[in-house]
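K.L.:
Input file: model-v9.txt. Contents: compact mmCIF, N, CA and C atoms.
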# COMPACT_ATOMS: atom_id res chain seq x y z
N MET P 1 36.31 -65.53 105.69
CA MET P 1 37.52 -64.78 105.39
C MET P 1 38.06 -65.28 104.05
N ASP P 2 38.27 -64.37 103.09
CA ASP P 2 38.75 -64.80 101.79
C ASP P 2 40.28 -64.74 101.73
N ALA P 3 40.84 -65.06 100.57
CA ALA P 3 42.28 -65.18 100.42
C ALA P 3 43.00 -63.85 100.67
N ARG P 4 42.38 -62.74 100.25
CA ARG P 4 43.04 -61.45 100.45
C ARG P 4 43.14 -61.12 101.94
N ASP P 5 42.08 -61.43 102.69
CA ASP P 5 42.12 -61.19 104.14
C ASP P 5 43.17 -62.08 104.80
N THR P 6 43.27 -63.30 104.33
CA THR P 6 44.27 -64.23 104.88
C THR P 6 45.67 -63.71 104.60
N ASP P 7 45.91 -63.21 103.38
CA ASP P 7 47.23 -62.66 103.04
C ASP P 7 47.54 -61.44 103.91
N LEU P 8 46.55 -60.60 104.12
CA LEU P 8 46.75 -59.40 104.93
C LEU P 8 47.04 -59.78 106.39
N LYS P 9 46.35 -60.81 106.88
CA LYS P 9 46.59 -61.28 108.25
C LYS P 9 48.01 -61.83 108.37
N LYS P 10 48.47 -62.55 107.35
CA LYS P 10 49.84 -63.07 107.35
C LYS P 10 50.85 -61.92 107.35
N GLU P 11 50.58 -60.88 106.56
CA GLU P 11 51.46 -59.70 106.53
C GLU P 11 51.53 -59.04 107.91
N LEU P 12 50.37 -58.91 108.57
CA LEU P 12 50.35 -58.30 109.90
C LEU P 12 51.13 -59.16 110.90
N ASP P 13 50.92 -60.46 110.84
CA ASP P 13 51.66 -61.36 111.75
C ASP P 13 53.17 -61.26 111.51
N ALA P 14 53.56 -61.19 110.23
CA ALA P 14 54.99 -61.07 109.92
C ALA P 14 55.54 -59.74 110.41
N THR P 15 54.76 -58.69 110.28
CA THR P 15 55.21 -57.37 110.75
C THR P 15 55.38 -57.38 112.26
N LEU P 16 54.41 -57.96 112.97
CA LEU P 16 54.51 -58.03 114.43
C LEU P 16 55.69 -58.89 114.87
N GLN P 17 55.92 -60.00 114.19
CA GLN P 17 57.06 -60.87 114.51
C GLN P 17 58.38 -60.13 114.27
N THR P 18 58.46 -59.39 113.17
CA THR P 18 59.67 -58.63 112.86
C THR P 18 59.91 -57.56 113.91
N ARG P 19 58.84 -56.91 114.38
CA ARG P 19 58.97 -55.88 115.43
C ARG P 19 59.52 -56.48 116.71
N ARG P 20 59.03 -57.69 117.04
CA ARG P 20 59.53 -58.36 118.25
C ARG P 20 61.02 -58.66 118.12
N GLU P 21 61.45 -59.06 116.92
CA GLU P 21 62.85 -59.43 116.72
C GLU P 21 63.77 -58.20 116.66
N LEU P 22 63.30 -57.12 115.98
CA LEU P 22 64.16 -55.95 115.78
C LEU P 22 64.08 -54.94 116.91
N GLY P 23 62.97 -54.92 117.61
CA GLY P 23 62.83 -53.97 118.72
C GLY P 23 61.99 -52.76 118.32
N GLU P 24 61.84 -51.87 119.33
CA GLU P 24 60.95 -50.73 119.15
C GLU P 24 61.51 -49.66 118.23
N GLU P 25 62.83 -49.60 118.05
CA GLU P 25 63.40 -48.55 117.20
C GLU P 25 62.98 -48.67 115.73
N TYR P 26 62.57 -49.84 115.28
CA TYR P 26 62.12 -50.05 113.90
C TYR P 26 60.58 -50.06 113.78
N GLU P 27 59.90 -49.80 114.89
CA GLU P 27 58.44 -49.90 114.91
C GLU P 27 57.77 -48.97 113.90
N SER P 28 58.17 -47.71 113.82
CA SER P 28 57.51 -46.77 112.89
C SER P 28 57.74 -47.18 111.44
N ALA P 29 58.93 -47.67 111.12
CA ALA P 29 59.21 -48.11 109.75
C ALA P 29 58.37 -49.34 109.40
N LEU P 30 58.23 -50.26 110.36
CA LEU P 30 57.43 -51.46 110.11
C LEU P 30 55.94 -51.12 109.95
N VAL P 31 55.45 -50.20 110.78
CA VAL P 31 54.04 -49.79 110.68
C VAL P 31 53.80 -49.08 109.36
N ASP P 32 54.74 -48.21 108.97
CA ASP P 32 54.60 -47.52 107.68
C ASP P 32 54.59 -48.51 106.52
N SER P 33 55.44 -49.51 106.59
CA SER P 33 55.50 -50.52 105.54
C SER P 33 54.18 -51.30 105.45
N PHE P 34 53.66 -51.68 106.63
CA PHE P 34 52.39 -52.41 106.66
C PHE P 34 51.25 -51.55 106.11
N LEU P 35 51.21 -50.28 106.53
CA LEU P 35 50.15 -49.38 106.06
C LEU P 35 50.26 -49.14 104.55
N GLU P 36 51.47 -49.12 104.03
CA GLU P 36 51.67 -48.99 102.58
C GLU P 36 51.04 -50.18 101.85
N LYS P 37 51.23 -51.37 102.40
CA LYS P 37 50.63 -52.56 101.79
C LYS P 37 49.11 -52.52 101.87
N VAL P 38 48.57 -52.04 102.98
CA VAL P 38 47.10 -51.91 103.12
C VAL P 38 46.58 -50.89 102.11
N ASP P 39 47.29 -49.76 101.96
CA ASP P 39 46.89 -48.74 100.98
C ASP P 39 46.88 -49.31 99.56
N GLN P 40 47.90 -50.11 99.24
CA GLN P 40 47.94 -50.72 97.91
C GLN P 40 46.75 -51.66 97.69
N ARG P 41 46.39 -52.42 98.71
CA ARG P 41 45.23 -53.32 98.62
C ARG P 41 43.95 -52.52 98.39
N ILE P 42 43.80 -51.44 99.15
CA ILE P 42 42.60 -50.61 99.02
C ILE P 42 42.54 -49.98 97.63
N ASP P 43 43.68 -49.46 97.17
CA ASP P 43 43.72 -48.83 95.85
C ASP P 43 43.37 -49.83 94.75
N SER P 44 43.89 -51.04 94.84
CA SER P 44 43.59 -52.03 93.79
C SER P 44 42.12 -52.44 93.84
N ALA P 45 41.55 -52.54 95.05
CA ALA P 45 40.13 -52.89 95.17
C ALA P 45 39.25 -51.79 94.59
N VAL P 46 39.58 -50.54 94.88
CA VAL P 46 38.81 -49.41 94.35
C VAL P 46 38.94 -49.36 92.83
N GLU P 47 40.15 -49.58 92.32
CA GLU P 47 40.38 -49.56 90.88
C GLU P 47 39.57 -50.65 90.18
N ARG P 48 39.55 -51.85 90.74
CA ARG P 48 38.75 -52.94 90.16
C ARG P 48 37.27 -52.58 90.15
N ARG P 49 36.79 -52.00 91.24
CA ARG P 49 35.37 -51.63 91.35
C ARG P 49 35.01 -50.54 90.34
N VAL P 50 35.89 -49.55 90.18
CA VAL P 50 35.63 -48.47 89.23
C VAL P 50 35.63 -49.02 87.80
N ARG P 51 36.60 -49.88 87.49
CA ARG P 51 36.64 -50.48 86.14
C ARG P 51 35.37 -51.28 85.85
N ARG P 52 34.91 -52.04 86.83
CA ARG P 52 33.69 -52.83 86.66
C ARG P 52 32.48 -51.94 86.43
N GLN P 53 32.38 -50.85 87.21
CA GLN P 53 31.25 -49.94 87.04
C GLN P 53 31.29 -49.23 85.68
N LEU P 54 32.48 -48.84 85.23
CA LEU P 54 32.61 -48.23 83.91
C LEU P 54 32.21 -49.20 82.81
N ALA P 55 32.63 -50.46 82.94
CA ALA P 55 32.26 -51.46 81.94
C ALA P 55 30.75 -51.68 81.93
N GLU P 56 30.14 -51.71 83.11
CA GLU P 56 28.68 -51.87 83.17
C GLU P 56 27.97 -50.68 82.53
N GLN P 57 28.46 -49.48 82.77
CA GLN P 57 27.86 -48.29 82.17
C GLN P 57 28.00 -48.31 80.65
N GLN P 58 29.16 -48.73 80.16
CA GLN P 58 29.37 -48.80 78.72
C GLN P 58 28.46 -49.85 78.09
N MET P 59 28.29 -50.99 78.76
CA MET P 59 27.40 -52.03 78.22
C MET P 59 25.95 -51.55 78.22
N THR P 60 25.55 -50.85 79.27
CA THR P 60 24.18 -50.31 79.34
C THR P 60 23.96 -49.29 78.24
N ALA P 61 24.93 -48.41 78.04
CA ALA P 61 24.81 -47.40 76.98
C ALA P 61 24.75 -48.06 75.61
N ALA P 62 25.55 -49.10 75.40
CA ALA P 62 25.54 -49.79 74.11
C ALA P 62 24.20 -50.49 73.88
N ARG P 63 23.65 -51.11 74.92
CA ARG P 63 22.34 -51.76 74.78
C ARG P 63 21.24 -50.74 74.50
N ASP P 64 21.30 -49.60 75.21
CA ASP P 64 20.27 -48.58 75.03
C ASP P 64 20.33 -47.97 73.63
N SER P 65 21.52 -47.82 73.07
CA SER P 65 21.63 -47.21 71.75
C SER P 65 21.16 -48.17 70.66
N ARG P 66 21.23 -49.48 70.90
CA ARG P 66 20.80 -50.45 69.89
C ARG P 66 19.31 -50.73 69.92
N SER P 67 18.69 -50.66 71.09
CA SER P 67 17.28 -51.03 71.18
C SER P 67 16.39 -49.82 70.93
N PRO P 68 15.53 -49.91 69.91
CA PRO P 68 14.64 -48.78 69.64
C PRO P 68 13.57 -48.67 70.71
N ARG P 69 13.26 -47.44 71.05
CA ARG P 69 12.22 -47.20 72.04
C ARG P 69 11.11 -46.41 71.39
N PRO P 70 9.90 -46.89 71.49
CA PRO P 70 8.80 -46.12 70.91
C PRO P 70 8.62 -44.82 71.69
N THR P 71 8.33 -43.75 70.95
CA THR P 71 8.18 -42.46 71.61
C THR P 71 6.83 -42.31 72.26
N ASP P 72 5.84 -43.06 71.82
CA ASP P 72 4.55 -43.03 72.48
C ASP P 72 3.86 -44.38 72.34
N SER P 73 2.79 -44.55 73.06
CA SER P 73 2.13 -45.86 73.14
C SER P 73 1.14 -46.04 72.00
N PHE P 74 0.62 -47.27 71.90
CA PHE P 74 -0.39 -47.59 70.89
C PHE P 74 -1.62 -46.73 71.09
N GLY P 75 -2.00 -46.49 72.33
CA GLY P 75 -3.19 -45.69 72.62
C GLY P 75 -3.06 -44.27 72.10
N GLU P 76 -1.87 -43.69 72.23
CA GLU P 76 -1.66 -42.34 71.70
C GLU P 76 -1.75 -42.32 70.18
N ARG P 77 -1.15 -43.30 69.52
CA ARG P 77 -1.23 -43.36 68.05
C ARG P 77 -2.65 -43.58 67.59
N PHE P 78 -3.37 -44.48 68.25
CA PHE P 78 -4.76 -44.77 67.90
C PHE P 78 -5.63 -43.53 68.12
N GLY P 79 -5.44 -42.85 69.24
CA GLY P 79 -6.20 -41.64 69.52
C GLY P 79 -5.93 -40.55 68.50
N PHE P 80 -4.66 -40.41 68.08
CA PHE P 80 -4.32 -39.41 67.07
C PHE P 80 -5.03 -39.72 65.76
N GLY P 81 -5.06 -40.99 65.38
CA GLY P 81 -5.75 -41.38 64.15
C GLY P 81 -7.24 -41.10 64.22
N ILE P 82 -7.87 -41.41 65.34
CA ILE P 82 -9.31 -41.16 65.51
C ILE P 82 -9.61 -39.66 65.43
N VAL P 83 -8.83 -38.85 66.15
CA VAL P 83 -9.04 -37.40 66.13
C VAL P 83 -8.83 -36.86 64.71
N SER P 84 -7.85 -37.38 64.02
CA SER P 84 -7.58 -36.94 62.66
C SER P 84 -8.77 -37.23 61.74
N LEU P 85 -9.35 -38.42 61.85
CA LEU P 85 -10.51 -38.76 61.02
C LEU P 85 -11.74 -37.96 61.41
N VAL P 86 -11.94 -37.73 62.69
CA VAL P 86 -13.10 -36.96 63.14
C VAL P 86 -13.00 -35.51 62.65
N LEU P 87 -11.81 -34.94 62.72
CA LEU P 87 -11.63 -33.57 62.23
C LEU P 87 -11.65 -33.48 60.71
N ALA P 88 -11.43 -34.60 60.02
CA ALA P 88 -11.45 -34.60 58.56
C ALA P 88 -12.85 -34.28 58.03
N ILE P 89 -13.88 -34.67 58.75
CA ILE P 89 -15.25 -34.46 58.27
C ILE P 89 -15.57 -32.97 58.17
N PRO P 90 -15.43 -32.17 59.25
CA PRO P 90 -15.75 -30.75 59.10
C PRO P 90 -14.77 -30.01 58.19
N LEU P 91 -13.49 -30.40 58.21
CA LEU P 91 -12.53 -29.75 57.32
C LEU P 91 -12.88 -30.00 55.86
N SER P 92 -13.30 -31.23 55.54
CA SER P 92 -13.72 -31.54 54.17
C SER P 92 -14.95 -30.73 53.79
N ALA P 93 -15.90 -30.61 54.70
CA ALA P 93 -17.13 -29.85 54.42
C ALA P 93 -16.81 -28.37 54.21
N ILE P 94 -15.96 -27.82 55.05
CA ILE P 94 -15.63 -26.40 54.91
C ILE P 94 -14.85 -26.17 53.61
N GLY P 95 -13.83 -27.00 53.35
CA GLY P 95 -13.04 -26.86 52.13
C GLY P 95 -13.87 -27.06 50.88
N GLY P 96 -14.74 -28.07 50.89
CA GLY P 96 -15.59 -28.32 49.73
C GLY P 96 -16.64 -27.26 49.55
N GLY P 97 -17.17 -26.72 50.64
CA GLY P 97 -18.19 -25.68 50.54
C GLY P 97 -17.64 -24.35 50.07
N VAL P 98 -16.43 -24.02 50.46
CA VAL P 98 -15.85 -22.73 50.10
C VAL P 98 -15.20 -22.78 48.72
N ALA P 99 -14.39 -23.79 48.45
CA ALA P 99 -13.62 -23.82 47.20
C ALA P 99 -13.87 -25.08 46.38
N HIS P 100 -14.89 -25.80 46.68
CA HIS P 100 -15.27 -27.02 45.97
C HIS P 100 -14.14 -28.05 45.98
N LEU P 101 -13.84 -28.68 44.85
CA LEU P 101 -12.84 -29.76 44.81
C LEU P 101 -11.44 -29.28 45.23
N PRO P 102 -10.93 -28.13 44.75
CA PRO P 102 -9.59 -27.70 45.19
C PRO P 102 -9.52 -27.48 46.71
N GLY P 103 -10.57 -26.94 47.30
CA GLY P 103 -10.59 -26.74 48.74
C GLY P 103 -10.58 -28.05 49.50
N MET P 104 -11.29 -29.03 48.98
CA MET P 104 -11.32 -30.36 49.60
C MET P 104 -9.94 -31.03 49.49
N LEU P 105 -9.28 -30.87 48.34
CA LEU P 105 -7.94 -31.45 48.16
C LEU P 105 -6.93 -30.81 49.10
N VAL P 106 -7.03 -29.50 49.29
CA VAL P 106 -6.12 -28.81 50.22
C VAL P 106 -6.36 -29.30 51.66
N ALA P 107 -7.63 -29.44 52.04
CA ALA P 107 -7.95 -29.92 53.38
C ALA P 107 -7.38 -31.33 53.59
N TRP P 108 -7.56 -32.22 52.63
CA TRP P 108 -7.05 -33.58 52.77
C TRP P 108 -5.52 -33.63 52.69
N ALA P 109 -4.92 -32.74 51.92
CA ALA P 109 -3.45 -32.67 51.88
C ALA P 109 -2.93 -32.28 53.27
N GLY P 110 -3.60 -31.37 53.94
CA GLY P 110 -3.21 -30.99 55.30
C GLY P 110 -3.37 -32.14 56.27
N ILE P 111 -4.47 -32.87 56.16
CA ILE P 111 -4.71 -34.02 57.05
C ILE P 111 -3.64 -35.09 56.83
N VAL P 112 -3.36 -35.39 55.57
CA VAL P 112 -2.32 -36.38 55.26
C VAL P 112 -0.96 -35.89 55.75
N GLY P 113 -0.66 -34.60 55.56
CA GLY P 113 0.62 -34.05 56.00
C GLY P 113 0.81 -34.16 57.50
N VAL P 114 -0.23 -33.85 58.27
CA VAL P 114 -0.15 -33.96 59.72
C VAL P 114 0.10 -35.41 60.13
N ASN P 115 -0.56 -36.34 59.48
CA ASN P 115 -0.38 -37.76 59.82
C ASN P 115 1.01 -38.26 59.42
N VAL P 116 1.55 -37.78 58.31
CA VAL P 116 2.91 -38.18 57.92
C VAL P 116 3.93 -37.65 58.93
N VAL P 117 3.73 -36.42 59.39
CA VAL P 117 4.64 -35.87 60.41
C VAL P 117 4.55 -36.69 61.68
N GLN P 118 3.35 -37.11 62.07
CA GLN P 118 3.18 -37.94 63.27
C GLN P 118 3.91 -39.28 63.13
N VAL P 119 3.79 -39.90 61.97
CA VAL P 119 4.48 -41.18 61.73
C VAL P 119 5.99 -40.98 61.76
N ALA P 120 6.47 -39.91 61.15
CA ALA P 120 7.91 -39.63 61.15
C ALA P 120 8.42 -39.36 62.57
N ARG P 121 7.60 -38.74 63.40
CA ARG P 121 8.00 -38.45 64.77
C ARG P 121 8.07 -39.73 65.60
N THR P 122 7.11 -40.62 65.43
CA THR P 122 7.09 -41.84 66.24
C THR P 122 8.02 -42.93 65.71
N ASN P 123 8.41 -42.85 64.43
CA ASN P 123 9.33 -43.83 63.83
C ASN P 123 10.47 -43.08 63.16
N PRO P 124 11.44 -42.55 63.89
CA PRO P 124 12.47 -41.70 63.29
C PRO P 124 13.36 -42.42 62.28
N ASP P 125 13.52 -43.74 62.39
CA ASP P 125 14.38 -44.46 61.45
C ASP P 125 13.68 -44.82 60.15
N LEU P 126 12.39 -44.63 60.08
CA LEU P 126 11.62 -45.08 58.92
C LEU P 126 12.12 -44.45 57.63
N PHE P 127 12.25 -43.15 57.58
CA PHE P 127 12.68 -42.49 56.36
C PHE P 127 14.19 -42.50 56.21
N GLY P 128 14.93 -42.53 57.30
CA GLY P 128 16.39 -42.58 57.24
C GLY P 128 16.89 -43.87 56.63
N ARG P 129 16.26 -44.99 56.95
CA ARG P 129 16.67 -46.28 56.39
C ARG P 129 16.41 -46.33 54.89
N ARG P 130 15.32 -45.74 54.49
CA ARG P 130 14.99 -45.75 53.07
C ARG P 130 16.05 -44.97 52.29
N ARG P 131 16.51 -43.85 52.83
CA ARG P 131 17.54 -43.05 52.15
C ARG P 131 18.85 -43.82 52.08
N ARG P 132 19.24 -44.51 53.16
CA ARG P 132 20.49 -45.29 53.14
C ARG P 132 20.40 -46.42 52.13
N ALA P 133 19.24 -47.04 52.00
CA ALA P 133 19.07 -48.14 51.06
C ALA P 133 19.17 -47.61 49.63
N GLU P 134 18.66 -46.41 49.36
CA GLU P 134 18.75 -45.84 48.03
C GLU P 134 20.19 -45.52 47.64
N ARG P 135 21.01 -45.12 48.62
CA ARG P 135 22.40 -44.82 48.36
C ARG P 135 23.24 -46.09 48.16
N GLY P 136 22.68 -47.24 48.54
CA GLY P 136 23.41 -48.49 48.41
C GLY P 136 24.09 -48.93 49.68
N ASP P 137 23.93 -48.17 50.78
CA ASP P 137 24.51 -48.56 52.07
C ASP P 137 23.75 -49.75 52.63
N ALA P 138 24.41 -50.47 53.49
CA ALA P 138 23.76 -51.61 54.16
C ALA P 138 22.78 -51.11 55.20
N TRP P 139 21.78 -51.88 55.46
CA TRP P 139 20.81 -51.53 56.50
C TRP P 139 21.52 -51.59 57.83
N GLU P 140 21.27 -50.60 58.66
CA GLU P 140 21.91 -50.57 59.99
C GLU P 140 20.87 -50.90 61.04
N ASP P 141 21.28 -51.73 61.99
CA ASP P 141 20.40 -52.07 63.12
C ASP P 141 21.00 -51.60 64.39
Go ahead and render the structure in this file as structure tokens.
P.N.:
Amino acid sequence: MDARDTDLKKELDATLQTRRELGEEYESALVDSFLEKVDQRIDSAVERRVRRQLAEQQMTAARDSRSPRPTDSFGERFGFGIVSLVLAIPLSAIGGGVAHLPGMLVAWAGIVGVNVVQVARTNPDLFGRRRRAERGDAWED
């Protein structure tokens, strides 16, 4: 039994003692008074619990916003790179066979472009930080 339960037990004992002294005509007023005190205890306990849960949610949200999360795993990035290189061979052959050097350059520009988009997707802060640094802003973490 903790201190709050002990205080509540003392309140109940005092209410019962007062009822014995004053008689039955004051019984409803005494019960209402005791129930009011119990309601106040319950309200304060619920309020403390809600405040604690809100603080925990805010701390979790703050931690989640600060910690970067990779959008995909190493295996996905590695697989994308392998597929990109494997597809580069036939694309280079087709581009070089049809339009010679300009066709090959266009094919490789497309391959490089797709890989740059993939890097930008998996590392969203990569290019944003560079722009902030060029403007003279401090690096944000």
K.L.:
So which residues touch stretch 40-49 of chain P within 12 Å, counting only C-alpha atoms, skipping near sequence neighbours fewer than 5 positions away, as a compact mmCIF listing (two decimals) with N, CA and C atoms, in the coordinates of the input?
P.N.:
# COMPACT_ATOMS: atom_id res chain seq x y z
N ARG P 4 42.38 -62.74 100.25
CA ARG P 4 43.04 -61.45 100.45
C ARG P 4 43.14 -61.12 101.94
N ASP P 5 42.08 -61.43 102.69
CA ASP P 5 42.12 -61.19 104.14
C ASP P 5 43.17 -62.08 104.80
N ASP P 7 45.91 -63.21 103.38
CA ASP P 7 47.23 -62.66 103.04
C ASP P 7 47.54 -61.44 103.91
N LEU P 8 46.55 -60.60 104.12
CA LEU P 8 46.75 -59.40 104.93
C LEU P 8 47.04 -59.78 106.39
N GLU P 11 50.58 -60.88 106.56
CA GLU P 11 51.46 -59.70 106.53
C GLU P 11 51.53 -59.04 107.91
N SER P 33 55.44 -49.51 106.59
CA SER P 33 55.50 -50.52 105.54
C SER P 33 54.18 -51.30 105.45
N PHE P 34 53.66 -51.68 106.63
CA PHE P 34 52.39 -52.41 106.66
C PHE P 34 51.25 -51.55 106.11
N LEU P 35 51.21 -50.28 106.53
CA LEU P 35 50.15 -49.38 106.06
C LEU P 35 50.26 -49.14 104.55
N LEU P 54 32.48 -48.84 85.23
CA LEU P 54 32.61 -48.23 83.91
C LEU P 54 32.21 -49.20 82.81
N ALA P 55 32.63 -50.46 82.94
CA ALA P 55 32.26 -51.46 81.94
C ALA P 55 30.75 -51.68 81.93
N GLU P 56 30.14 -51.71 83.11
CA GLU P 56 28.68 -51.87 83.17
C GLU P 56 27.97 -50.68 82.53
K.L.:
In terms of the shortest atom-to-atom distance over only N, CA and C atoms, which of P:Val112, P:Ala107, P:Glu25, P:Ser73 is closest to P:Ser92?
P.N.:
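Ranked by minimum distance to P:Ser92, first place goes to P:Ala107.
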K.L.:
Between atom C of P:Val119 and atom CA of P:Ile94, what is the distance in Å, rounded to a tenth?
P.N.:
27.0 Å
K.L.:
Measuring atom to atom with only C-alpha atoms, identify which of P:Val114, P:Leu12, P:Leu22, P:Ala29 is nearest to P:Phe80.
P.N.:
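The answer is P:Val114, which sits nearest to P:Phe80.
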K.L.:
Listed atoms of stretch 13-32 of chain P, axis-aligned box, 6 Å per side: centre and edge lengths to one decimal in Å, as lines of an AutoDock Vina configuration file?
P.N.:
center_x = 57.5
center_y = -54.1
center_z = 112.9
size_x = 25.2
size_y = 26.6
size_z = 24.8
K.L.:
State, in Å with one decimal place, the distance from atom CA of P:Ala120 to atom CA of P:Met59.
P.N.:
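Value for the atom CA of P:Ala120-atom CA of P:Met59 distance: 28.7 Å.
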